[in-house]
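Please read the structure below before turning to the comments.
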Amino acid sequence: MALVSATEMINKAHAGHYAVGAFNINNMEWTKAILLAAEEAKSPVMLGVSEGAGKYMCGFKNVVAMVREIHDFLGITVPVALHLDHGTYDGAKACIEAGFTSVMFDGSHYPFEENLEKSKEMIALAHAKGCSIECEVGGIGGEEDGVTSMGELADPKECETIAGLGVDFLAAGIGNIHGKYPTDWKGLNFDRLGEIQNITNGKPLVLHGGSGIPADQIAKAISLGVSKINVNTELQLEFAAATRKYIEAGKDQEGKGYDPRKLLKPGADAIQAKVVAMMEQFGSAGKA
Ligand code: 13P
């Protein structure tokens with residue numbers, strides 16, 4: 001099966017009360033590990049690419065080519081969407097052209113009227129190419145790829161307006177934060193989440209900052225209409241910890257332990273195991 005738009009997998013998740021993970025990729029190891037995890041868990045999956053990671057991987061066209069080839073080489077049979085994460089106006093356009101099957105247009109930093117105008121235009125462009133699209137209302141807290149936002153609660157009225165444009169899924173700030181959660185974090189705002197779900201008539205919602213949220217809060221968010229959960233930091237921490245362990249145990253000094261295929265293996269295996277566990281937690285395992 002070729003890469004697919006995320007519309008069907010997210011709608012099914014919403015109807016079935018589970019969530020699909022959107023896991024950020026950085027390179028070949030990340031891509032391979034996440035695709036192998038999805039196949040192992042028999043789960044649909046979204047591969048998220050930030051604009052910074054796109055640049056690191058030598059451009060959106062290269063990302064599309066690399067993901068398609070790895071996907072086909074591994075013989076992946078579960079539904080896979082290649083998704084732009086927090087796209088700018090120009091970035092989202094470029095990804096729709098380059099062959100991404102899903103994009104996020106993040107206009108949350110614009111005045112609302114401008115976010116609305118640009119979201120409308122981008123929804124039409126994406127849909128003309130069979131690409132699914134996510135838009136955002138209300139900033140997500142924390143820092144990602146150098147972009148810092150304070151995190152705010154999305155205005156339900158604004159969510160209703162953007163949902164009415166025909167966006168496929170909607171990211172709305174509910175107290176979530178990118179990166180590690182601070183110890184004094186107040187948790188997700190379920191009242192606001194419920195309000196947004198009601199006023200948007202059951203539009204599938206996206207939970208950004210999926211790393212480190214307690215399991216009971218994840219479960220409750222899914223029960224209130226969250227159908228896509230973004231995870232980035234958690235996999236970076238897993239990779240770093242496994243790699244550190246390998247080196248601190250002196251494994252890179254034994255035999256040909258310095259061979260990159262050996263050196264990067266514990267980290268890649270750790271990513272794969274973590275993604276399988278998260279797919280089980282989000283309820284998407286076995287749903288492909
Ligand atoms: P974390 O890095 O906190 O998991 O957030 C990922 C994310 O929301 C990507 O958009």
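Quick note on naming: the chains in the structure tokens go A, B, ... in the order shown, residues restart at 1 in each chain, and ligands are numbered from 1 in order of appearance.
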Legend entry - Exercise: Ser227 (chain A) partners within 8 Å, only C-alpha atoms, chain neighbours under 6 positions left out, as a VMD selection string: chain A and resid 10 to 11 13 to 14 17 to 20 204 to 207
Inset, instruction - Enumerate residues in contact with ligand 1: an atom-to-atom distance of at most 9 Å, counting only C-alpha atoms and all ligand atoms. Format the result as a count of residues only. - result: 34
Inset, instruction - Can you pull out every residue within 10 Å of region 267-281 of chain A, counting only C-alpha atoms, but drop anything in the same chain fewer than 5 positions away, and send it as a PyMOL selection string? - result: chain A and resi 18-21+23+28-45+215+218-219+229+231+234-246+261-262+286-287
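Neighbours of Gly107 (chain A) closer than or equal to 8 Å, with only C-alpha atoms counted and sequence neighbours fewer than 5 positions away skipped, come out as Thr88, Tyr89, Glu114, Asn115, Lys118, Ser119, Cys135, Glu136 and Val137 of chain A.
Here CA of Thr200 (chain A) is placed at a distance of 6.1 Å from CA of Ala163 (chain A).
Nearest to Glu8 (chain A) of all the residues A:Tyr110, A:Phe100, A:Phe105, A:Phe169 is A:Phe169, based on only C-alpha atoms.
One finds CA of Glu160 (chain A) at 14.6 Å from CA of Glu117 (chain A).
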